[in-house]
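Here is model_36.cif, consisting of mmCIF, C-alpha atoms and all ligand atoms:
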data_my_file
#
loop_
_atom_site.label_atom_id
_atom_site.label_comp_id
_atom_site.auth_asym_id
_atom_site.auth_seq_id
_atom_site.Cartn_x
_atom_site.Cartn_y
_atom_site.Cartn_z
CA MET A 199 5.86 13.97 24.36
CA LYS A 200 3.95 12.29 21.57
CA ILE A 201 4.98 13.50 18.11
CA THR A 202 2.02 13.68 15.76
CA PRO A 203 1.61 15.06 12.24
CA ALA A 204 0.10 18.17 13.85
CA VAL A 205 3.22 18.59 16.00
CA LEU A 206 5.47 18.10 12.95
CA ALA A 207 3.54 20.80 11.11
CA ARG A 208 3.77 23.20 14.02
CA GLU A 209 7.40 22.58 15.00
CA LEU A 210 8.90 22.19 11.53
CA GLY A 211 6.75 24.66 9.62
CA PHE A 212 5.06 22.14 7.33
CA SER A 213 1.64 23.01 6.01
CA VAL A 214 -1.31 20.68 6.38
CA LEU A 215 -2.81 19.58 3.04
CA ALA A 216 -5.22 16.95 4.37
CA GLY A 217 -6.15 15.07 7.51
CA GLY A 218 -8.60 15.09 10.40
CA GLN A 219 -8.18 12.80 13.40
CA SER A 220 -5.14 11.35 11.65
CA LEU A 221 -3.27 14.57 12.51
CA GLU A 222 -3.20 13.36 16.13
CA ARG A 223 -1.75 9.93 15.43
CA ALA A 224 1.70 9.07 16.82
CA VAL A 225 4.65 9.27 14.44
CA ASP A 226 7.33 6.69 15.28
CA CYS A 227 10.00 7.29 12.65
CA ALA A 228 10.78 8.81 9.26
CA TYR A 229 10.95 6.85 6.01
CA SER A 230 11.64 8.01 2.48
CA CYS A 231 11.24 6.50 -0.99
CA ASP A 232 9.23 7.25 -4.14
CA LEU A 233 8.79 3.77 -5.60
CA LEU A 234 5.44 2.63 -4.29
CA SER A 235 6.08 -1.08 -3.94
CA PHE A 236 9.31 -0.35 -2.06
CA VAL A 237 7.23 1.71 0.34
CA MET A 238 4.70 -1.13 0.60
CA GLY A 239 7.41 -3.62 1.43
CA ARG A 240 9.75 -1.54 3.56
CA ALA A 241 8.00 1.40 5.20
CA PRO A 242 7.51 0.74 8.92
CA ALA A 243 3.95 1.11 10.24
CA GLY A 244 3.58 4.48 11.96
CA CYS A 245 6.24 6.21 9.89
CA ALA A 246 6.18 9.72 8.48
CA TRP A 247 6.66 8.94 4.79
CA VAL A 248 8.59 11.62 2.91
CA THR A 249 8.10 11.52 -0.85
CA VAL A 250 7.54 13.58 -3.99
CA MET A 251 4.62 11.39 -5.14
CA GLY A 252 1.50 13.46 -4.62
CA ASN A 253 -0.89 11.19 -6.50
CA VAL A 254 -3.88 9.10 -5.50
CA ASN A 255 -1.84 5.90 -5.51
CA ALA A 256 0.53 7.32 -2.92
CA VAL A 257 -2.45 7.96 -0.66
CA ALA A 258 -3.65 4.37 -1.16
CA VAL A 259 -0.18 3.10 -0.28
CA ALA A 260 -0.07 5.25 2.87
CA VAL A 261 -3.38 3.72 4.00
CA LEU A 262 -2.43 0.13 3.25
CA ALA A 263 1.13 0.32 4.57
CA ASP A 264 -0.27 2.06 7.65
CA CYS A 265 1.94 5.16 7.50
CA ALA A 266 1.25 7.79 10.18
CA CYS A 267 1.37 10.56 7.57
CA VAL A 268 2.66 11.53 4.15
CA ILE A 269 5.01 14.50 3.83
CA LEU A 270 5.33 15.89 0.32
CA ALA A 271 8.79 17.38 -0.01
CA ASP A 272 10.07 20.15 -2.27
CA GLY A 273 6.70 21.88 -2.25
CA VAL A 274 5.19 19.16 -4.46
CA ALA A 275 1.42 19.50 -4.78
CA LEU A 276 -1.17 16.97 -3.71
CA ASP A 277 -3.27 16.47 -6.83
CA PRO A 278 -7.04 16.99 -6.50
CA ALA A 279 -8.01 13.29 -6.72
CA ALA A 280 -5.37 12.49 -4.11
CA LYS A 281 -6.65 15.22 -1.79
CA GLU A 282 -10.16 13.89 -2.09
CA LYS A 283 -8.99 10.36 -1.27
CA ALA A 284 -6.85 11.58 1.63
CA GLU A 285 -9.83 13.41 3.15
CA ALA A 286 -12.14 10.42 2.58
CA GLN A 287 -9.72 7.94 4.16
CA ASP A 288 -8.43 10.39 6.75
CA VAL A 289 -4.77 10.31 5.79
CA ALA A 290 -2.67 13.18 7.15
CA VAL A 291 -0.73 14.85 4.32
CA LEU A 292 1.78 17.61 5.04
CA SER A 293 3.83 19.77 2.72
CA SER A 294 7.46 20.78 3.16
CA GLY A 295 9.34 23.31 1.05
CA GLU A 296 12.64 21.51 1.71
CA PRO A 297 14.06 18.61 -0.33
CA VAL A 298 13.36 15.00 0.66
CA PHE A 299 16.54 14.40 2.68
CA GLU A 300 16.37 17.64 4.67
CA THR A 301 12.69 17.01 5.38
CA ALA A 302 13.21 13.46 6.62
CA LEU A 303 16.23 14.56 8.64
CA ALA A 304 14.22 17.31 10.35
CA VAL A 305 11.55 14.78 11.32
CA HIS A 306 14.18 12.36 12.58
CA GLU A 307 15.90 15.05 14.66
CA LEU A 308 12.65 16.17 16.23
CA LEU A 309 11.78 12.57 17.10
CA SER A 310 15.25 11.96 18.57
CA ALA A 311 15.14 15.16 20.62
CA ARG A 312 11.77 14.26 22.13
CA GLN A 313 12.56 10.65 23.02
CA MET B 49 -16.78 -16.13 15.38
CA PRO B 50 -16.77 -19.60 13.82
CA GLN B 51 -18.16 -18.66 10.41
CA THR B 52 -16.40 -17.55 7.28
CA ILE B 53 -16.85 -14.00 6.00
CA HIS B 54 -16.75 -13.69 2.25
CA PHE B 55 -16.00 -10.65 0.11
CA GLN B 56 -16.02 -10.38 -3.63
CA TYR B 57 -14.71 -7.49 -5.71
CA THR B 58 -14.54 -6.56 -9.34
CA VAL B 59 -11.36 -4.62 -10.08
CA PRO B 60 -11.78 -2.24 -13.03
CA GLY B 61 -8.91 -2.16 -15.52
CA ASP B 62 -6.80 0.95 -16.07
CA ASP B 63 -8.54 2.96 -13.35
CA PHE B 64 -5.72 4.15 -11.15
CA THR B 65 -7.92 6.38 -9.06
CA ARG B 66 -9.95 3.41 -7.81
CA ALA B 67 -7.11 0.92 -7.45
CA GLY B 68 -6.76 0.00 -3.81
CA GLU B 69 -10.46 0.26 -2.97
CA ALA B 70 -10.91 -3.49 -2.60
CA SER B 71 -7.83 -3.78 -0.36
CA SER B 72 -8.88 -0.79 1.76
CA SER B 73 -12.31 -2.28 2.25
CA VAL B 74 -10.89 -5.62 3.42
CA LYS B 75 -8.48 -3.78 5.68
CA LYS B 76 -11.39 -1.94 7.30
CA ALA B 77 -13.37 -5.16 7.76
CA LEU B 78 -10.42 -6.91 9.42
CA LYS B 79 -9.95 -3.96 11.76
CA LYS B 80 -13.61 -4.12 12.76
CA ILE B 81 -13.36 -7.83 13.55
CA GLY B 82 -10.35 -7.11 15.73
CA ILE B 83 -7.70 -9.06 13.82
CA ASN B 84 -4.09 -8.52 14.92
CA PRO B 85 -2.65 -5.33 13.26
CA GLU B 86 0.42 -7.14 11.91
CA VAL B 87 -1.86 -9.65 10.15
CA ILE B 88 -4.00 -6.82 8.78
CA ARG B 89 -0.92 -5.10 7.39
CA LYS B 90 0.24 -8.28 5.65
CA VAL B 91 -3.18 -8.84 4.08
CA ALA B 92 -3.45 -5.19 3.02
CA ILE B 93 -0.02 -5.15 1.37
CA ALA B 94 -0.39 -8.52 -0.35
CA MET B 95 -3.85 -7.74 -1.64
CA TYR B 96 -3.02 -4.23 -2.82
CA GLU B 97 0.00 -5.41 -4.81
CA GLY B 98 -2.17 -8.07 -6.45
CA GLU B 99 -4.96 -5.60 -7.09
CA ILE B 100 -2.70 -2.99 -8.67
CA ASN B 101 -0.99 -5.65 -10.81
CA MET B 102 -4.40 -6.55 -12.24
CA VAL B 103 -5.03 -2.89 -13.05
CA ILE B 104 -1.61 -2.25 -14.60
CA HIS B 105 -0.82 -5.53 -16.29
CA ALA B 106 -4.10 -7.34 -16.90
CA GLY B 107 -6.93 -4.88 -17.56
CA GLY B 108 -8.67 -5.66 -14.27
CA GLY B 109 -10.12 -8.83 -12.78
CA SER B 110 -11.87 -10.14 -9.71
CA ILE B 111 -10.87 -10.84 -6.12
CA ASP B 112 -12.46 -13.24 -3.66
CA VAL B 113 -11.56 -13.00 0.01
CA ASP B 114 -12.49 -15.50 2.73
CA ILE B 115 -11.87 -14.53 6.33
CA THR B 116 -11.96 -17.35 8.86
CA PRO B 117 -10.85 -17.26 12.49
CA ASP B 118 -7.58 -18.91 11.45
CA GLU B 119 -6.68 -17.41 8.11
CA VAL B 120 -7.43 -14.93 5.35
CA ARG B 121 -7.55 -16.46 1.87
CA MET B 122 -7.40 -14.31 -1.26
CA VAL B 123 -7.94 -15.46 -4.83
CA LEU B 124 -7.19 -12.97 -7.61
CA VAL B 125 -8.29 -13.91 -11.10
CA ASP B 126 -7.70 -11.97 -14.30
CA HIS B 127 -8.02 -12.64 -18.00
CA GLY B 128 -5.07 -10.51 -19.03
CA PRO B 129 -2.03 -11.48 -21.09
CA GLY B 130 -0.65 -13.91 -18.51
CA ILE B 131 2.93 -14.22 -17.27
CA ALA B 132 5.35 -16.10 -19.54
CA ASN B 133 8.04 -16.72 -16.93
CA ILE B 134 6.70 -16.75 -13.39
CA ASP B 135 10.09 -17.36 -11.76
CA LEU B 136 11.46 -14.28 -13.48
CA ALA B 137 8.40 -12.19 -12.57
CA MET B 138 8.85 -13.19 -8.91
CA GLN B 139 12.38 -11.78 -8.82
CA GLU B 140 12.92 -8.44 -7.13
CA GLY B 141 13.47 -5.75 -9.75
CA TRP B 142 11.85 -7.49 -12.73
CA SER B 143 9.19 -5.32 -14.30
CA THR B 144 7.55 -4.77 -17.66
CA ALA B 145 5.62 -1.72 -16.42
CA PRO B 146 5.34 0.94 -19.15
CA ASP B 147 6.80 4.43 -18.68
CA ASP B 148 3.49 6.19 -17.97
CA VAL B 149 2.89 3.81 -15.07
CA ARG B 150 6.47 4.19 -13.83
CA SER B 151 6.01 7.93 -13.59
CA LEU B 152 3.24 7.27 -11.05
CA GLY B 153 5.69 5.38 -8.84
CA PHE B 154 5.06 1.82 -10.00
CA GLY B 155 7.43 -0.53 -11.77
CA ALA B 156 10.07 -1.26 -9.14
CA GLY B 157 9.42 -4.96 -9.69
CA MET B 158 8.73 -5.44 -6.00
CA GLY B 159 5.01 -6.22 -6.05
CA LEU B 160 5.11 -10.01 -6.44
CA PRO B 161 8.05 -10.33 -3.99
CA ASN B 162 6.06 -8.26 -1.46
CA MET B 163 3.06 -10.55 -1.93
CA LYS B 164 5.25 -13.60 -1.35
CA LYS B 165 6.80 -12.06 1.76
CA CYS B 166 3.47 -11.05 3.27
CA SER B 167 1.64 -14.32 2.70
CA ASP B 168 2.19 -17.62 4.44
CA ASP B 169 1.33 -19.45 1.25
CA MET B 170 1.19 -18.16 -2.32
CA THR B 171 0.71 -19.81 -5.69
CA VAL B 172 0.67 -18.18 -9.13
CA GLU B 173 -0.90 -19.96 -12.08
CA SER B 174 -0.73 -18.28 -15.44
CA VAL B 175 -1.39 -19.15 -19.06
CA VAL B 176 -0.08 -16.75 -21.67
CA GLY B 177 -2.97 -15.25 -23.61
CA GLN B 178 -5.53 -16.45 -21.05
CA GLY B 179 -4.80 -14.89 -17.71
CA THR B 180 -3.41 -15.25 -14.23
CA THR B 181 -4.70 -16.62 -10.93
CA VAL B 182 -2.92 -15.74 -7.71
CA ARG B 183 -3.87 -17.48 -4.44
CA MET B 184 -2.57 -16.14 -1.14
CA THR B 185 -3.17 -17.20 2.44
CA VAL B 186 -2.22 -15.20 5.49
CA LEU B 187 -2.48 -17.00 8.84
CA CYS B 188 -4.14 -15.10 11.68
CA HIS B 189 -1.96 -16.50 14.48
N1 LIG C 1 -1.70 -10.06 -13.18
C1 LIG C 1 -0.66 -10.00 -14.03
N2 LIG C 1 -0.85 -10.23 -15.36
C2 LIG C 1 0.19 -10.17 -16.23
N3 LIG C 1 1.45 -9.90 -15.87
C3 LIG C 1 1.71 -9.68 -14.57
C4 LIG C 1 0.67 -9.71 -13.57
N4 LIG C 1 1.23 -9.47 -12.37
C5 LIG C 1 2.55 -9.29 -12.60
N5 LIG C 1 2.85 -9.42 -13.92
C6 LIG C 1 4.19 -9.34 -14.54
O1 LIG C 1 5.18 -9.55 -13.55
C7 LIG C 1 6.06 -8.40 -13.47
C8 LIG C 1 6.50 -8.21 -12.02
O2 LIG C 1 5.38 -7.84 -11.21
P1 LIG C 1 5.64 -7.00 -9.87
O3 LIG C 1 4.34 -6.71 -9.24
O4 LIG C 1 6.66 -7.73 -9.05
O5 LIG C 1 6.33 -5.68 -10.41
P2 LIG C 1 5.65 -4.44 -11.17
O6 LIG C 1 4.18 -4.52 -11.08
O7 LIG C 1 6.21 -4.41 -12.56
O8 LIG C 1 6.22 -3.22 -10.36
P3 LIG C 1 5.81 -2.81 -8.85
O9 LIG C 1 4.87 -3.87 -8.34
O10 LIG C 1 7.08 -2.80 -8.09
O11 LIG C 1 5.18 -1.47 -8.96
C9 LIG C 1 5.25 -7.27 -14.05
O12 LIG C 1 6.06 -6.22 -14.53
C10 LIG C 1 4.49 -7.98 -15.17
O13 LIG C 1 5.31 -8.20 -16.27
MG MG C 2 3.28 -4.81 -9.22
#
Could you quickly redo this structure as structure tokens?
Ligand SMILES: Nc1ncnc2c1ncn2[C@@H]1O[C@H](COP(=O)(O)OP(=O)(O)OP(=O)(O)O)[C@@H](O)[C@H]1O
Ligand SMILES: [Mg+2]
Amino acid sequence: MKITPAVLARELGFSVLAGGQSLERAVDCAYSCDLLSFVMGRAPAGCAWVTVMGNVNAVAVAVLADCACVILADGVALDPAAKEKAEAQDVAVLSSGEPVFETALAVHELLSARQ
Amino acid sequence: MPQTIHFQYTVPGDDFTRAGEASSSVKKALKKIGINPEVIRKVAIAMYEGEINMVIHAGGGSIDVDITPDEVRMVLVDHGPGIANIDLAMQEGWSTAPDDVRSLGFGAGMGLPNMKKCSDDMTVESVVGQGTTVRMTVLCH
């Protein structure tokens, strides 16, 4: 079964902060880092990117590095400018109440179980 | 598609909300033309890192992009403070980014190395007090 941001939200209890069609895109793996140029250089295309950076630059990075979605961990908010950009560029952004590691691990385990 | 497509952008300085617009627009154009996704990703990453460097370190600048069937050429010109030691700036981890910019997630010192990695050819010319010109080429095949 294809794992999408919508499936992650449903199965893992994440809330959806932004996203349209992008919520149906395939997620291939989990990746985590908060330094944006690390993400640019290292995040695999199609990853679910787990971070605590809820700013407009993080949304730009998700678009350009071709991440499948952004998951804001620890209940971090998506700031208003970032939400606007995420809606405009159709970037799926989810929110998790768990810390970064637990969030990424949950995504990884769901992906492993379904493959 | 034998002709060259040309894009030109002005990158405003110190506007973090708009940084990335030029790169996103080129990314969209390349997608429309049907360029290979791996090539698109390389162009998007290289151009964004250059664009954001202009915003953070140089007060903005301009970007020219030429798309041909064989390659994507980007020329980024700014009139900022310039780079005193280019070899040092190219090293992973070297950064002079101020604290307020670091708190946004920048300043890992990975931007120029990412640009180098993503492009098939890259040159940096810089004169302290005058500005910096970065040229990058990404091959389409
Ligand atoms: N256009 C520029 N004008 C002046 N200085 C620059 C320019 N681009 C880069 N630099 C200098 O080179 C250093 C390294 O740049 P690089 O992009 O690798 O890292 P960074 O921008 O500091 O952090 P990161 O890109 O990881 O967020 C910068 O900190 C800055 O001192
Ligand atoms: Mg940089």
Using all atoms listed in the file for the distances, tell me which of A:Gly295, A:Gly239, A:Pro203, A:Gly244 is nearest to Ala216 of chain A. A:Pro203
Ala302 of chain A: which residues within 9 Å, counting only C-alpha atoms, same-chain residues fewer than 3 positions away excluded, as an NGL selection string? :A and (228-230 or 246-248 or 269 or 271 or 297-299 or 305-307)
Would you mind listing, as a PDB file with C-alpha atoms, keeping the file's coordinate frame, all residues of chain A that have at least one atom within 8 Å of chain B, where all atoms listed in the file are what counts?
ATOM      1  CA  ASP A 232       9.230   7.250  -4.140  1.00  0.00           C
ATOM      2  CA  LEU A 233       8.790   3.770  -5.600  1.00  0.00           C
ATOM      3  CA  LEU A 234       5.440   2.630  -4.290  1.00  0.00           C
ATOM      4  CA  SER A 235       6.080  -1.080  -3.940  1.00  0.00           C
ATOM      5  CA  PHE A 236       9.310  -0.350  -2.060  1.00  0.00           C
ATOM      6  CA  MET A 238       4.700  -1.130   0.600  1.00  0.00           C
ATOM      7  CA  GLY A 239       7.410  -3.620   1.430  1.00  0.00           C
ATOM      8  CA  MET A 251       4.620  11.390  -5.140  1.00  0.00           C
ATOM      9  CA  ASN A 253      -0.890  11.190  -6.500  1.00  0.00           C
ATOM     10  CA  VAL A 254      -3.880   9.100  -5.500  1.00  0.00           C
ATOM     11  CA  ASN A 255      -1.840   5.900  -5.510  1.00  0.00           C
ATOM     12  CA  ALA A 258      -3.650   4.370  -1.160  1.00  0.00           C
ATOM     13  CA  VAL A 261      -3.380   3.720   4.000  1.00  0.00           C
ATOM     14  CA  LEU A 262      -2.430   0.130   3.250  1.00  0.00           C
ATOM     15  CA  ALA A 263       1.130   0.320   4.570  1.00  0.00           C
ATOM     16  CA  ASP A 264      -0.270   2.060   7.650  1.00  0.00           C
ATOM     17  CA  ALA A 279      -8.010  13.290  -6.720  1.00  0.00           C
TER      18      ALA A 279
END
Straight-line distance linking atom CA of Met170 of chain B with atom O5 of ligand LIG 1 (chain C), stated in Å to one decimal: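 Pair atom CA of Met170 of chain B / atom O5 of ligand LIG 1 (chain C) returns 15.7 Å.
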Find, counting only C-alpha atoms, the residue in A:Gly252, A:Glu222, A:Ala280, A:Cys265 that gets nearest to Arg240 of chain A.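 Once distances to Arg240 of chain A are computed over only C-alpha atoms, the minimum belongs to A:Cys265.
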Mind running chain B against ligand LIG 1 (chain C) at 9 Å and telling me each contacting residue's nearest atom pair with the distance in Å (one decimal), counting only C-alpha atoms and all ligand atoms, chain and number ascending, as JSON lines?
{"residue": "B:Glu97", "atom": "CA", "partner": "C:LIG1", "partner_atom": "O9", "distance": 6.2}
{"residue": "B:Gly98", "atom": "CA", "partner": "C:LIG1", "partner_atom": "N4", "distance": 7.0}
{"residue": "B:Glu99", "atom": "CA", "partner": "C:LIG1", "partner_atom": "N1", "distance": 8.2}
{"residue": "B:Ile100", "atom": "CA", "partner": "C:LIG1", "partner_atom": "O6", "distance": 7.4}
{"residue": "B:Asn101", "atom": "CA", "partner": "C:LIG1", "partner_atom": "N4", "distance": 4.7}
{"residue": "B:Met102", "atom": "CA", "partner": "C:LIG1", "partner_atom": "N1", "distance": 4.5}
{"residue": "B:Val103", "atom": "CA", "partner": "C:LIG1", "partner_atom": "N1", "distance": 7.9}
{"residue": "B:Ile104", "atom": "CA", "partner": "C:LIG1", "partner_atom": "O6", "distance": 7.1}
{"residue": "B:His105", "atom": "CA", "partner": "C:LIG1", "partner_atom": "C2", "distance": 4.7}
{"residue": "B:Ala106", "atom": "CA", "partner": "C:LIG1", "partner_atom": "N2", "distance": 4.6}
{"residue": "B:Gly107", "atom": "CA", "partner": "C:LIG1", "partner_atom": "N2", "distance": 8.4}
{"residue": "B:Gly108", "atom": "CA", "partner": "C:LIG1", "partner_atom": "N1", "distance": 8.3}
{"residue": "B:Gly109", "atom": "CA", "partner": "C:LIG1", "partner_atom": "N1", "distance": 8.5}
{"residue": "B:Leu124", "atom": "CA", "partner": "C:LIG1", "partner_atom": "N1", "distance": 8.3}
{"residue": "B:Val125", "atom": "CA", "partner": "C:LIG1", "partner_atom": "N1", "distance": 7.9}
{"residue": "B:Asp126", "atom": "CA", "partner": "C:LIG1", "partner_atom": "N1", "distance": 6.4}
{"residue": "B:His127", "atom": "CA", "partner": "C:LIG1", "partner_atom": "N2", "distance": 8.0}
{"residue": "B:Gly128", "atom": "CA", "partner": "C:LIG1", "partner_atom": "N2", "distance": 5.6}
{"residue": "B:Pro129", "atom": "CA", "partner": "C:LIG1", "partner_atom": "C2", "distance": 5.5}
{"residue": "B:Gly130", "atom": "CA", "partner": "C:LIG1", "partner_atom": "C2", "distance": 4.5}
{"residue": "B:Ile131", "atom": "CA", "partner": "C:LIG1", "partner_atom": "N3", "distance": 4.8}
{"residue": "B:Ala132", "atom": "CA", "partner": "C:LIG1", "partner_atom": "N3", "distance": 8.2}
{"residue": "B:Asn133", "atom": "CA", "partner": "C:LIG1", "partner_atom": "O1", "distance": 8.4}
{"residue": "B:Ile134", "atom": "CA", "partner": "C:LIG1", "partner_atom": "O1", "distance": 7.4}
{"residue": "B:Leu136", "atom": "CA", "partner": "C:LIG1", "partner_atom": "O1", "distance": 7.9}
{"residue": "B:Ala137", "atom": "CA", "partner": "C:LIG1", "partner_atom": "O1", "distance": 4.3}
{"residue": "B:Met138", "atom": "CA", "partner": "C:LIG1", "partner_atom": "O4", "distance": 5.9}
{"residue": "B:Gln139", "atom": "CA", "partner": "C:LIG1", "partner_atom": "O4", "distance": 7.0}
{"residue": "B:Glu140", "atom": "CA", "partner": "C:LIG1", "partner_atom": "O4", "distance": 6.6}
{"residue": "B:Gly141", "atom": "CA", "partner": "C:LIG1", "partner_atom": "O4", "distance": 7.1}
{"residue": "B:Trp142", "atom": "CA", "partner": "C:LIG1", "partner_atom": "C8", "distance": 5.4}
{"residue": "B:Ser143", "atom": "CA", "partner": "C:LIG1", "partner_atom": "O12", "distance": 3.3}
{"residue": "B:Thr144", "atom": "CA", "partner": "C:LIG1", "partner_atom": "O12", "distance": 3.8}
{"residue": "B:Ala145", "atom": "CA", "partner": "C:LIG1", "partner_atom": "O7", "distance": 4.7}
{"residue": "B:Pro146", "atom": "CA", "partner": "C:LIG1", "partner_atom": "O7", "distance": 8.5}
{"residue": "B:Val149", "atom": "CA", "partner": "C:LIG1", "partner_atom": "O11", "distance": 8.4}
{"residue": "B:Arg150", "atom": "CA", "partner": "C:LIG1", "partner_atom": "O11", "distance": 7.6}
{"residue": "B:Gly153", "atom": "CA", "partner": "C:LIG1", "partner_atom": "O11", "distance": 6.9}
{"residue": "B:Phe154", "atom": "CA", "partner": "C:LIG1", "partner_atom": "O11", "distance": 3.5}
{"residue": "B:Gly155", "atom": "CA", "partner": "C:LIG1", "partner_atom": "O8", "distance": 3.3}
{"residue": "B:Ala156", "atom": "CA", "partner": "C:LIG1", "partner_atom": "O10", "distance": 3.5}
{"residue": "B:Gly157", "atom": "CA", "partner": "C:LIG1", "partner_atom": "O5", "distance": 3.3}
{"residue": "B:Met158", "atom": "CA", "partner": "C:LIG1", "partner_atom": "O10", "distance": 3.7}
{"residue": "B:Gly159", "atom": "CA", "partner": "C:LIG1", "partner_atom": "O9", "distance": 3.3}
{"residue": "B:Leu160", "atom": "CA", "partner": "C:LIG1", "partner_atom": "O4", "distance": 3.8}
{"residue": "B:Pro161", "atom": "CA", "partner": "C:LIG1", "partner_atom": "O4", "distance": 5.9}
{"residue": "B:Asn162", "atom": "CA", "partner": "C:LIG1", "partner_atom": "O4", "distance": 7.6}
{"residue": "B:Met163", "atom": "CA", "partner": "C:LIG1", "partner_atom": "O3", "distance": 8.4}
{"residue": "B:Ser174", "atom": "CA", "partner": "C:LIG1", "partner_atom": "N2", "distance": 8.1}
{"residue": "B:Val176", "atom": "CA", "partner": "C:LIG1", "partner_atom": "C2", "distance": 8.5}
{"residue": "B:Gly179", "atom": "CA", "partner": "C:LIG1", "partner_atom": "N2", "distance": 6.5}
{"residue": "B:Thr180", "atom": "CA", "partner": "C:LIG1", "partner_atom": "N1", "distance": 5.6}
{"residue": "B:Thr181", "atom": "CA", "partner": "C:LIG1", "partner_atom": "N1", "distance": 7.6}
{"residue": "B:Val182", "atom": "CA", "partner": "C:LIG1", "partner_atom": "N1", "distance": 8.0}
Find the distance between atom CA of Val205 of chain A and atom CA of Leu303 of chain A and write it in Å to one decimal. 15.5 Å
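Minimum atom-to-atom distance to Ile115 of chain B, evaluated using only C-alpha atoms, belongs to B:His54 out of B:His54, B:Arg183, B:Lys164, B:Lys76.
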Just the residues within 6 Å of Ile111 of chain B, please, counting all atoms listed in the file, with nothing from its chain fewer than 2 positions along; format it as a PyMOL selection string. chain B and resi 56-57+123-124
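Going from atom CA of Ser213 of chain A over to atom CA of Val250 of chain A, you cover 15.0 Å.
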Show which residues sit within 12 Å of Lys281 of chain A, as a VMD selection string. Count all atoms listed in the file, and ignore same-chain residues fewer than 3 positions away. (chain A and resid 214 to 217 252 to 258 268 275 to 278 284 to 292) or (chain B and resid 65)
